[in-house]
file data-v8.txt (compact mmCIF, C-alpha atoms)
# COMPACT_ATOMS: atom_id res chain seq x y z
CA MET H 1 145.20 135.52 131.00
CA GLN H 2 141.53 135.06 131.89
CA ARG H 3 140.45 136.47 128.57
CA ARG H 4 142.70 134.03 126.72
CA ASP H 5 141.21 131.04 128.58
CA PHE H 6 137.73 132.25 127.79
CA PHE H 7 138.39 132.31 124.05
CA LYS H 8 139.97 128.83 124.17
CA LYS H 9 136.88 127.38 125.82
CA LEU H 10 134.56 129.24 123.49
CA GLY H 11 136.42 127.74 120.53
CA THR H 12 135.92 124.16 121.73
CA VAL H 13 132.22 124.76 122.45
CA VAL H 14 131.64 126.10 118.94
CA ALA H 15 133.53 123.17 117.40
CA VAL H 16 131.58 120.54 119.39
CA SER H 17 128.21 122.12 118.71
CA ALA H 18 129.03 122.17 115.00
CA VAL H 19 129.87 118.42 115.06
CA ILE H 20 126.70 117.25 116.88
CA PRO H 21 124.11 118.09 114.19
CA ALA H 22 126.41 116.70 111.50
CA LEU H 23 126.47 113.34 113.37
CA GLY H 24 122.69 113.46 113.73
CA PHE H 25 122.15 113.76 109.99
CA SER H 26 124.64 111.07 109.02
CA ALA H 27 122.93 108.57 111.39
CA ASP H 28 119.86 108.49 109.07
CA ALA H 29 119.44 105.11 107.36
CA PRO H 30 119.20 104.90 103.55
CA ALA H 31 115.74 104.79 101.96
CA PRO H 32 113.99 101.52 102.92
CA VAL H 33 112.98 98.93 100.34
CA SER H 34 109.93 96.70 100.64
CA PRO H 35 110.93 93.11 101.51
CA ASN H 36 108.72 91.66 98.75
CA LYS H 37 109.37 94.13 95.96
CA MET H 38 107.50 93.20 92.78
CA PRO H 39 106.50 95.54 89.95
CA TYR H 40 103.00 95.32 88.46
CA GLN H 41 103.85 93.67 85.12
CA THR H 42 105.97 90.94 86.76
CA ALA H 43 103.14 90.18 89.17
CA VAL H 44 100.59 89.86 86.34
CA ASP H 45 102.92 87.58 84.35
CA ALA H 46 103.56 85.42 87.43
CA ILE H 47 99.82 84.94 87.98
CA THR H 48 98.69 84.41 84.38
CA GLY H 49 101.75 82.48 83.21
CA GLY H 50 101.98 84.47 79.96
CA LYS H 51 98.26 84.27 79.07
CA LYS H 52 96.55 87.51 78.10
CA PRO H 53 93.74 88.53 80.47
CA VAL H 54 90.53 89.70 78.75
CA LYS H 55 88.74 92.87 79.80
CA SER H 56 85.32 91.90 81.05
CA SER H 57 82.17 93.55 82.27
CA LYS H 58 81.42 90.42 84.36
CA ILE H 59 83.67 91.82 87.09
CA LYS H 60 82.17 94.54 89.23
CA LEU H 61 85.05 96.37 90.88
CA LYS H 62 83.92 98.87 93.47
CA VAL H 63 86.62 101.34 94.56
CA PRO H 64 86.20 105.01 95.52
CA GLU H 65 87.31 107.41 92.74
CA ILE H 66 88.91 109.73 95.26
CA ALA H 67 90.39 108.28 98.44
CA GLU H 68 91.11 110.86 101.10
CA ASN H 69 93.41 108.53 103.01
CA GLY H 70 95.61 106.06 101.13
CA ALA H 71 95.99 103.90 104.26
CA VAL H 72 92.39 102.67 104.10
CA VAL H 73 90.88 102.16 100.64
CA PRO H 74 87.85 99.85 100.57
CA VAL H 75 87.77 97.44 97.61
CA THR H 76 84.88 95.17 96.61
CA VAL H 77 85.10 92.63 93.79
CA ASP H 78 81.93 90.89 92.64
CA VAL H 79 82.11 88.43 89.74
CA ASP H 80 79.05 87.27 87.82
CA SER H 81 79.43 83.48 87.95
CA PRO H 82 77.08 80.51 88.60
CA MET H 83 79.65 78.97 91.03
CA THR H 84 78.81 75.36 90.15
CA ASP H 85 81.34 72.50 90.06
CA ALA H 86 81.63 72.86 86.27
CA ASP H 87 81.93 76.64 86.08
CA TYR H 88 83.25 78.67 88.97
CA VAL H 89 85.71 81.42 89.82
CA LYS H 90 88.95 79.77 90.90
CA ALA H 91 90.79 82.81 92.17
CA ILE H 92 90.56 86.58 92.54
CA HIS H 93 93.77 88.62 92.68
CA ILE H 94 93.72 92.23 93.82
CA LEU H 95 96.69 94.24 92.52
CA SER H 96 97.81 97.86 92.63
CA SER H 97 99.72 99.32 89.69
CA LYS H 98 102.28 101.46 91.52
CA ASN H 99 102.81 100.07 95.04
CA SER H 100 106.34 98.71 95.50
CA ASN H 101 104.79 95.28 95.95
CA ALA H 102 101.98 95.23 93.39
CA ARG H 103 100.27 92.19 94.91
CA CYS H 104 97.74 92.88 97.66
CA ILE H 105 95.83 89.64 98.12
CA ASP H 106 95.08 86.39 96.28
CA ILE H 107 91.79 84.67 97.13
CA ASN H 108 91.29 81.04 96.14
CA LEU H 109 87.58 80.24 96.00
CA THR H 110 85.67 76.97 95.73
CA PRO H 111 82.06 76.21 94.63
CA ALA H 112 81.18 76.06 98.37
CA ASN H 113 81.36 79.86 98.44
CA GLY H 114 78.11 80.12 96.49
CA ARG H 115 78.94 83.56 95.17
CA ALA H 116 82.19 85.02 93.85
CA MET H 117 82.44 88.07 96.06
CA PHE H 118 85.27 89.51 98.10
CA ALA H 119 85.75 92.76 100.00
CA THR H 120 88.68 94.16 101.97
CA ARG H 121 90.60 97.38 102.65
CA ILE H 122 94.01 98.08 101.12
CA LYS H 123 96.84 100.60 101.40
CA LEU H 124 97.82 102.73 98.37
CA GLY H 125 101.07 104.70 98.20
CA GLY H 126 99.69 107.28 95.76
CA THR H 127 97.32 107.89 92.85
CA GLN H 128 97.18 104.69 90.80
CA ASP H 129 95.02 101.91 89.36
CA VAL H 130 93.44 99.14 91.42
CA VAL H 131 93.23 95.96 89.34
CA ALA H 132 91.13 92.84 89.85
CA LEU H 133 92.46 89.78 88.01
CA VAL H 134 90.04 86.85 87.98
CA GLU H 135 90.91 83.25 87.11
CA LEU H 136 88.03 81.04 85.95
CA SER H 137 87.87 77.26 86.36
CA ASN H 138 88.36 76.79 82.59
CA GLY H 139 91.73 78.56 82.74
CA GLU H 140 90.61 81.91 81.33
CA PHE H 141 91.67 85.20 82.88
CA LEU H 142 89.48 88.27 83.17
CA ILE H 143 90.64 91.73 84.20
CA ALA H 144 89.07 94.97 85.41
CA ALA H 145 90.78 98.16 86.54
CA GLN H 146 89.85 101.49 88.02
CA SER H 147 91.99 104.48 88.87
CA VAL H 148 91.94 105.90 92.38
CA LYS H 149 93.06 109.40 93.26
CA VAL H 150 94.86 109.40 96.60
CA THR H 151 95.30 112.67 98.47
CA ILE H 152 97.48 111.30 101.30
CA GLY H 153 99.70 108.25 100.67
CA GLY H 154 99.36 105.25 102.96
CA CYS H 155 102.74 103.52 102.80
CA GLY H 156 105.65 104.31 105.07
CA MET V 157 101.60 84.84 123.79
CA GLU V 158 98.37 86.73 124.02
CA ALA V 159 95.83 85.72 121.41
CA ARG V 160 94.96 88.32 118.79
CA LYS V 161 91.54 89.90 118.96
CA SER V 162 89.45 88.69 116.06
CA LEU V 163 85.79 88.39 115.14
CA ILE V 164 83.63 86.49 112.65
CA LYS V 165 80.39 88.16 111.56
CA ILE V 166 77.68 86.50 109.50
CA LYS V 167 75.11 88.52 107.56
CA PRO V 168 72.12 88.13 107.84
CA LYS V 169 71.99 86.94 111.46
CA LYS V 170 69.17 84.45 110.81
CA TYR V 171 69.66 82.15 107.85
CA LYS V 172 68.26 78.94 106.41
CA ASP V 173 69.93 75.80 105.10
CA GLY V 174 71.14 76.33 101.53
CA GLU V 175 71.19 80.11 101.79
CA ILE V 176 74.21 82.12 100.66
CA VAL V 177 75.45 84.36 103.47
CA GLN V 178 78.15 87.00 103.77
CA VAL V 179 80.99 86.18 106.17
CA SER V 180 83.25 88.93 107.52
CA PHE V 181 86.41 88.19 109.43
CA MET V 182 88.15 91.02 111.29
CA VAL V 183 91.52 90.97 113.09
CA MET V 184 93.39 93.47 115.23
CA HIS V 185 96.79 93.39 113.54
CA PRO V 186 99.44 96.14 112.90
CA MET V 187 100.19 95.02 109.26
CA ASP V 188 103.61 96.75 109.26
CA THR V 189 105.18 96.87 105.80
CA GLY V 190 108.79 97.11 106.95
CA MET V 191 109.05 100.54 105.29
CA GLY V 192 107.58 102.72 108.04
CA LYS V 193 109.64 104.53 110.67
CA ASP V 194 109.02 105.02 114.35
CA LYS V 195 108.45 108.76 114.83
CA LYS V 196 110.24 108.89 118.20
CA THR V 197 113.28 106.60 117.75
CA LYS V 198 113.60 107.09 113.94
CA GLN V 199 114.21 103.36 113.59
CA LEU V 200 112.59 101.22 110.89
CA ILE V 201 109.66 99.16 112.14
CA PRO V 202 110.25 95.52 111.15
CA ALA V 203 107.72 93.93 108.77
CA LYS V 204 104.87 92.14 110.50
CA TYR V 205 101.87 91.23 108.37
CA ILE V 206 99.37 88.43 107.92
CA ASN V 207 100.42 86.20 105.03
CA SER V 208 97.77 83.50 105.04
CA VAL V 209 94.07 83.23 105.96
CA LYS V 210 92.08 79.99 105.68
CA PHE V 211 88.34 79.45 106.06
CA ASN V 212 87.30 75.95 107.16
CA TYR V 213 83.68 74.85 107.27
CA ASN V 214 83.03 71.48 108.92
CA GLY V 215 86.61 70.38 108.26
CA LYS V 216 86.52 71.32 104.57
CA GLU V 217 88.58 74.22 103.30
CA ILE V 218 86.29 76.60 101.41
CA THR V 219 88.53 79.64 100.89
CA ASN V 220 92.22 80.26 101.32
CA MET V 221 94.01 83.55 100.80
CA THR V 222 97.60 84.61 100.30
CA VAL V 223 98.10 88.07 101.73
CA TRP V 224 100.89 90.63 101.30
CA GLU V 225 101.76 93.71 103.31
CA SER V 226 99.63 96.21 101.38
CA LEU V 227 96.44 95.46 103.30
CA SER V 228 95.23 98.05 105.78
CA VAL V 229 95.85 98.01 109.51
CA ASN V 230 93.28 95.78 111.27
CA PRO V 231 92.21 94.08 108.04
CA VAL V 232 88.73 92.85 107.18
CA PHE V 233 88.14 89.86 104.88
CA THR V 234 84.59 89.61 103.55
CA THR V 235 83.53 86.70 101.41
CA SER V 236 80.40 84.62 100.89
CA MET V 237 79.53 81.08 101.89
CA LYS V 238 76.76 78.59 101.16
CA ILE V 239 75.16 77.21 104.34
CA ASN V 240 75.24 73.42 104.21
CA GLY V 241 74.05 72.01 107.53
CA ALA V 242 74.90 72.89 111.13
CA GLY V 243 78.50 72.86 112.22
CA LYS V 244 81.56 74.99 112.81
CA LEU V 245 83.25 77.68 110.75
CA SER V 246 86.86 78.23 111.75
CA VAL V 247 89.37 80.75 110.43
CA THR V 248 93.11 80.14 110.77
CA PHE V 249 95.52 82.99 110.11
CA THR V 250 99.32 83.07 110.06
CA ASP V 251 101.71 86.01 109.93
CA ASN V 252 105.23 86.36 108.54
CA THR V 253 106.82 86.02 111.99
CA GLY V 254 105.21 82.59 112.41
CA GLU V 255 102.37 83.60 114.68
CA VAL V 256 99.36 81.30 114.21
CA ASN V 257 95.87 82.07 115.54
CA GLU V 258 92.45 80.56 115.15
CA GLN V 259 88.93 81.85 115.59
CA SER V 260 85.72 79.87 115.19
CA THR V 261 81.97 80.30 115.29
CA LYS V 262 79.00 77.94 115.31
CA ILE V 263 76.73 77.65 112.27
CA LYS V 264 73.10 77.10 113.22
CA PRO V 265 70.66 77.31 110.29
CA LYS V 266 66.99 77.73 111.16
CA GLY V 267 64.08 76.29 109.20

call {"tool": "encode", "arguments": {"input": "data-v8.txt", "output": "structure tokens"}}
result
Amino acid sequence: MQRRDFFKKLGTVVAVSAVIPALGFSADAPAPVSPNKMPYQTAVDAITGGKKPVKSSKIKLKVPEIAENGAVVPVTVDVDSPMTDADYVKAIHILSSKNSNARCIDINLTPANGRAMFATRIKLGGTQDVVALVELSNGEFLIAAQSVKVTIGGCG
Amino acid sequence: MEARKSLIKIKPKKYKDGEIVQVSFMVMHPMDTGMGKDKKTKQLIPAKYINSVKFNYNGKEITNMTVWESLSVNPVFTTSMKINGAGKLSVTFTDNTGEVNEQSTKIKPKG
């Protein structure tokens, strides 16, 4: 009789222990989605309003070619502009080509800035291009891009 | 609520009237994207990021920025500014949960 009881108990223990890990796995949430998802092309169209940005050497985009850590990538944008009331840089947009939200930051400048320069640090999810889109006061758009190799992704 | 730690730095430290200086603004902020997971509880960390930064110099807005979540933790915003008389430079920043903070510094040109 004792032997029979032992096997009964052993059976329930095995069954329960088999169920626990199964529950643990099923409790995982589905893959998260960024709250402001926007692909690169949509973001560019939203900023330029259909106008074609021109590639320009006036923009000096300084980004490291190889970023060891995607969580901290320093970006510097310097635009050659007189910054007077008649001719100044209206806005600088920093975009990334493959992040789930392509937009990083929009900077609206005024002639009181004196110089069209901006620097910050951004997160990159993987190897991709960093793009600087510049809007001039006469309505023209300039663009400059540089690819960055990321060894460790910074998102998530 | 406890105020966020932030700092405004002006380069160079000594400047004259009419000079163009570099202004750096730093904040201690988590900048959570809403996609990261807590390693212990395995729960998603809700999004919390700065979405607007405004630079005001003597009551006039000189720069305003719209920010999204892909900026690094503890972000730095560096821009330039033309010194135009003594006064106050204040930076107002808002995040997506409605938290508003302000930091200011005095502008004292010499010579």

call {"tool": "residues_around", "arguments": {"input": "data-v8.txt", "residues": "Lys238 of chain V", "least_positions_apart": "3", "cutoff": "9 Å", "atoms": "only C-alpha atoms", "output": "tab-separated table (two decimals) with C-alpha atoms, in the coordinates of the input"}}
result
chain	number	residue	atom	x	y	z
H	111	PRO	CA	82.06	76.21	94.63
H	112	ALA	CA	81.18	76.06	98.37
H	113	ASN	CA	81.36	79.86	98.44
H	114	GLY	CA	78.11	80.12	96.49
H	115	ARG	CA	78.94	83.56	95.17
V	173	ASP	CA	69.93	75.80	105.10
V	174	GLY	CA	71.14	76.33	101.53
V	175	GLU	CA	71.19	80.11	101.79
V	176	ILE	CA	74.21	82.12	100.66
V	177	VAL	CA	75.45	84.36	103.47
V	178	GLN	CA	78.15	87.00	103.77

call {"tool": "atom_distance", "arguments": {"input": "data-v8.txt", "atom1": "atom CA of Met117 of chain H", "atom2": "atom CA of Met83 of chain H"}}
result
10.8 Å

call {"tool": "atom_distance", "arguments": {"input": "data-v8.txt", "atom1": "atom CA of Ser137 of chain H", "atom2": "atom CA of Lys90 of chain H"}}
result
5.3 Å

call {"tool": "residues_around", "arguments": {"input": "data-v8.txt", "residues": "Val73 of chain H", "least_positions_apart": "4", "cutoff": "9 Å", "atoms": "all atoms listed in the file", "output": "ChimeraX atom specification"}}
result
/H:63-64,67-69,120-124 /V:228

call {"tool": "atom_distance", "arguments": {"input": "data-v8.txt", "atom1": "atom CA of Ala242 of chain V", "atom2": "atom CA of Gly215 of chain V"}}
result
12.3 Å

call {"tool": "interface_residues", "arguments": {"input": "data-v8.txt", "of": "chain V", "to": "chain H", "cutoff": "6 Å", "atoms": "only C-alpha atoms", "output": "ChimeraX atom specification"}}
result
/V:191-192,218-224,226-228,232-238

call {"tool": "write_last_selection", "arguments": {"input": "data-v8.txt", "atoms": "C-alpha atoms", "output": "mmCIF file, keeping the file's coordinate frame"}}
result
data_model
loop_
_atom_site.group_PDB
_atom_site.id
_atom_site.type_symbol
_atom_site.label_atom_id
_atom_site.label_comp_id
_atom_site.auth_asym_id
_atom_site.auth_seq_id
_atom_site.Cartn_x
_atom_site.Cartn_y
_atom_site.Cartn_z
ATOM 1 C CA MET V 191 109.050 100.540 105.290
ATOM 2 C CA GLY V 192 107.580 102.720 108.040
ATOM 3 C CA ILE V 218 86.290 76.600 101.410
ATOM 4 C CA THR V 219 88.530 79.640 100.890
ATOM 5 C CA ASN V 220 92.220 80.260 101.320
ATOM 6 C CA MET V 221 94.010 83.550 100.800
ATOM 7 C CA THR V 222 97.600 84.610 100.300
ATOM 8 C CA VAL V 223 98.100 88.070 101.730
ATOM 9 C CA TRP V 224 100.890 90.630 101.300
ATOM 10 C CA SER V 226 99.630 96.210 101.380
ATOM 11 C CA LEU V 227 96.440 95.460 103.300
ATOM 12 C CA SER V 228 95.230 98.050 105.780
ATOM 13 C CA VAL V 232 88.730 92.850 107.180
ATOM 14 C CA PHE V 233 88.140 89.860 104.880
ATOM 15 C CA THR V 234 84.590 89.610 103.550
ATOM 16 C CA THR V 235 83.530 86.700 101.410
ATOM 17 C CA SER V 236 80.400 84.620 100.890
ATOM 18 C CA MET V 237 79.530 81.080 101.890
ATOM 19 C CA LYS V 238 76.760 78.590 101.160
#

call {"tool": "closest_atom_pairs", "arguments": {"input": "data-v8.txt", "of": "segment 189-237 of chain V", "to": "segment 243-251 of chain V", "cutoff": "9 Å", "atoms": "only C-alpha atoms", "output": "tab-separated table"}}
result
residue	atom	partner	partner_atom	distance
V:Lys204	CA	V:Asp251	CA	6.9
V:Tyr205	CA	V:Asp251	CA	5.5
V:Ile206	CA	V:Asp251	CA	3.9
V:Asn207	CA	V:Asp251	CA	5.1
V:Ser208	CA	V:Thr250	CA	5.3
V:Val209	CA	V:Phe249	CA	4.4
V:Lys210	CA	V:Thr248	CA	5.2
V:Phe211	CA	V:Val247	CA	4.7
V:Asn212	CA	V:Ser246	CA	5.1
V:Tyr213	CA	V:Leu245	CA	4.5
V:Asn214	CA	V:Lys244	CA	5.4
V:Gly215	CA	V:Lys244	CA	8.2

call {"tool": "write_last_selection", "arguments": {"input": "data-v8.txt", "atoms": "C-alpha atoms", "output": "PDB file, in the coordinates of the input"}}
result
ATOM      1  CA  LYS V 204     104.870  92.140 110.500  1.00  0.00           C
ATOM      2  CA  TYR V 205     101.870  91.230 108.370  1.00  0.00           C
ATOM      3  CA  ILE V 206      99.370  88.430 107.920  1.00  0.00           C
ATOM      4  CA  ASN V 207     100.420  86.200 105.030  1.00  0.00           C
ATOM      5  CA  SER V 208      97.770  83.500 105.040  1.00  0.00           C
ATOM      6  CA  VAL V 209      94.070  83.230 105.960  1.00  0.00           C
ATOM      7  CA  LYS V 210      92.080  79.990 105.680  1.00  0.00           C
ATOM      8  CA  PHE V 211      88.340  79.450 106.060  1.00  0.00           C
ATOM      9  CA  ASN V 212      87.300  75.950 107.160  1.00  0.00           C
ATOM     10  CA  TYR V 213      83.680  74.850 107.270  1.00  0.00           C
ATOM     11  CA  ASN V 214      83.030  71.480 108.920  1.00  0.00           C
ATOM     12  CA  GLY V 215      86.610  70.380 108.260  1.00  0.00           C
TER      13      GLY V 215
END

call {"tool": "decode", "arguments": {"input": "data-v8.txt", "residues": "segment 69-81 of chain H", "atoms": "all heavy atoms", "output": "mmCIF file, in the first residue's frame"}}
result
data_model
loop_
_atom_site.group_PDB
_atom_site.id
_atom_site.type_symbol
_atom_site.label_atom_id
_atom_site.label_comp_id
_atom_site.auth_asym_id
_atom_site.auth_seq_id
_atom_site.Cartn_x
_atom_site.Cartn_y
_atom_site.Cartn_z
ATOM 1 N N ASN H 69 28.844 51.676 -28.630
ATOM 2 C CA ASN H 69 27.604 51.528 -27.886
ATOM 3 C C ASN H 69 26.512 52.356 -28.571
ATOM 4 O O ASN H 69 26.629 53.561 -28.680
ATOM 5 C CB ASN H 69 27.836 52.005 -26.445
ATOM 6 C CG ASN H 69 26.643 51.795 -25.563
ATOM 7 O OD1 ASN H 69 25.615 51.288 -26.016
ATOM 8 N ND2 ASN H 69 26.762 52.176 -24.327
ATOM 9 N N GLY H 70 25.459 51.666 -29.036
ATOM 10 C CA GLY H 70 24.378 52.363 -29.732
ATOM 11 C C GLY H 70 23.550 53.264 -28.832
ATOM 12 O O GLY H 70 22.788 54.090 -29.304
ATOM 13 N N ALA H 71 23.682 53.107 -27.507
ATOM 14 C CA ALA H 71 22.881 53.912 -26.583
ATOM 15 C C ALA H 71 23.369 55.346 -26.499
ATOM 16 O O ALA H 71 22.606 56.231 -26.126
ATOM 17 C CB ALA H 71 22.878 53.285 -25.198
ATOM 18 N N VAL H 72 24.624 55.591 -26.807
ATOM 19 C CA VAL H 72 25.173 56.948 -26.736
ATOM 20 C C VAL H 72 25.998 57.205 -28.000
ATOM 21 O O VAL H 72 27.129 56.756 -28.106
ATOM 22 C CB VAL H 72 26.053 57.146 -25.484
ATOM 23 C CG1 VAL H 72 26.518 58.581 -25.393
ATOM 24 C CG2 VAL H 72 25.305 56.758 -24.230
ATOM 25 N N VAL H 73 25.402 57.884 -28.974
ATOM 26 C CA VAL H 73 26.110 58.238 -30.201
ATOM 27 C C VAL H 73 26.130 59.764 -30.314
ATOM 28 O O VAL H 73 25.088 60.381 -30.507
ATOM 29 C CB VAL H 73 25.430 57.614 -31.443
ATOM 30 C CG1 VAL H 73 26.213 57.934 -32.701
ATOM 31 C CG2 VAL H 73 25.272 56.117 -31.287
ATOM 32 N N PRO H 74 27.300 60.393 -30.161
ATOM 33 C CA PRO H 74 27.332 61.852 -30.253
ATOM 34 C C PRO H 74 27.147 62.329 -31.698
ATOM 35 O O PRO H 74 27.727 61.757 -32.626
ATOM 36 C CB PRO H 74 28.728 62.208 -29.723
ATOM 37 C CG PRO H 74 29.518 60.973 -29.825
ATOM 38 C CD PRO H 74 28.586 59.810 -29.805
ATOM 39 N N VAL H 75 26.305 63.350 -31.869
ATOM 40 C CA VAL H 75 26.027 63.909 -33.193
ATOM 41 C C VAL H 75 26.236 65.417 -33.126
ATOM 42 O O VAL H 75 25.747 66.068 -32.205
ATOM 43 C CB VAL H 75 24.566 63.620 -33.616
ATOM 44 C CG1 VAL H 75 24.288 64.211 -34.989
ATOM 45 C CG2 VAL H 75 24.279 62.143 -33.620
ATOM 46 N N THR H 76 26.981 65.971 -34.091
ATOM 47 C CA THR H 76 27.146 67.419 -34.174
ATOM 48 C C THR H 76 26.774 67.866 -35.582
ATOM 49 O O THR H 76 27.248 67.287 -36.556
ATOM 50 C CB THR H 76 28.597 67.825 -33.862
ATOM 51 O OG1 THR H 76 28.966 67.259 -32.614
ATOM 52 C CG2 THR H 76 28.749 69.331 -33.800
ATOM 53 N N VAL H 77 25.901 68.861 -35.682
ATOM 54 C CA VAL H 77 25.512 69.421 -36.974
ATOM 55 C C VAL H 77 25.929 70.879 -36.982
ATOM 56 O O VAL H 77 25.570 71.637 -36.075
ATOM 57 C CB VAL H 77 23.993 69.308 -37.211
ATOM 58 C CG1 VAL H 77 23.639 69.810 -38.602
ATOM 59 C CG2 VAL H 77 23.518 67.893 -37.026
ATOM 60 N N ASP H 78 26.711 71.259 -37.993
ATOM 61 C CA ASP H 78 27.162 72.642 -38.113
ATOM 62 C C ASP H 78 26.813 73.092 -39.529
ATOM 63 O O ASP H 78 27.240 72.465 -40.486
ATOM 64 C CB ASP H 78 28.679 72.702 -37.866
ATOM 65 C CG ASP H 78 29.094 74.062 -37.344
ATOM 66 O OD1 ASP H 78 28.383 75.027 -37.654
ATOM 67 O OD2 ASP H 78 30.114 74.139 -36.649
ATOM 68 N N VAL H 79 26.025 74.143 -39.664
ATOM 69 C CA VAL H 79 25.611 74.602 -40.987
ATOM 70 C C VAL H 79 26.272 75.943 -41.278
ATOM 71 O O VAL H 79 26.277 76.839 -40.430
ATOM 72 C CB VAL H 79 24.073 74.734 -41.094
ATOM 73 C CG1 VAL H 79 23.665 74.986 -42.537
ATOM 74 C CG2 VAL H 79 23.389 73.507 -40.552
ATOM 75 N N ASP H 80 26.839 76.049 -42.484
ATOM 76 C CA ASP H 80 27.487 77.287 -42.908
ATOM 77 C C ASP H 80 26.391 78.275 -43.320
ATOM 78 O O ASP H 80 25.797 78.138 -44.385
ATOM 79 C CB ASP H 80 28.420 76.963 -44.080
ATOM 80 C CG ASP H 80 29.211 78.175 -44.510
ATOM 81 O OD1 ASP H 80 29.239 79.147 -43.733
ATOM 82 O OD2 ASP H 80 29.790 78.139 -45.601
ATOM 83 N N SER H 81 26.118 79.254 -42.448
ATOM 84 C CA SER H 81 25.049 80.210 -42.734
ATOM 85 C C SER H 81 25.369 81.533 -42.057
ATOM 86 O O SER H 81 25.918 81.557 -40.955
ATOM 87 C CB SER H 81 23.725 79.659 -42.208
ATOM 88 O OG SER H 81 22.772 80.680 -42.113
#
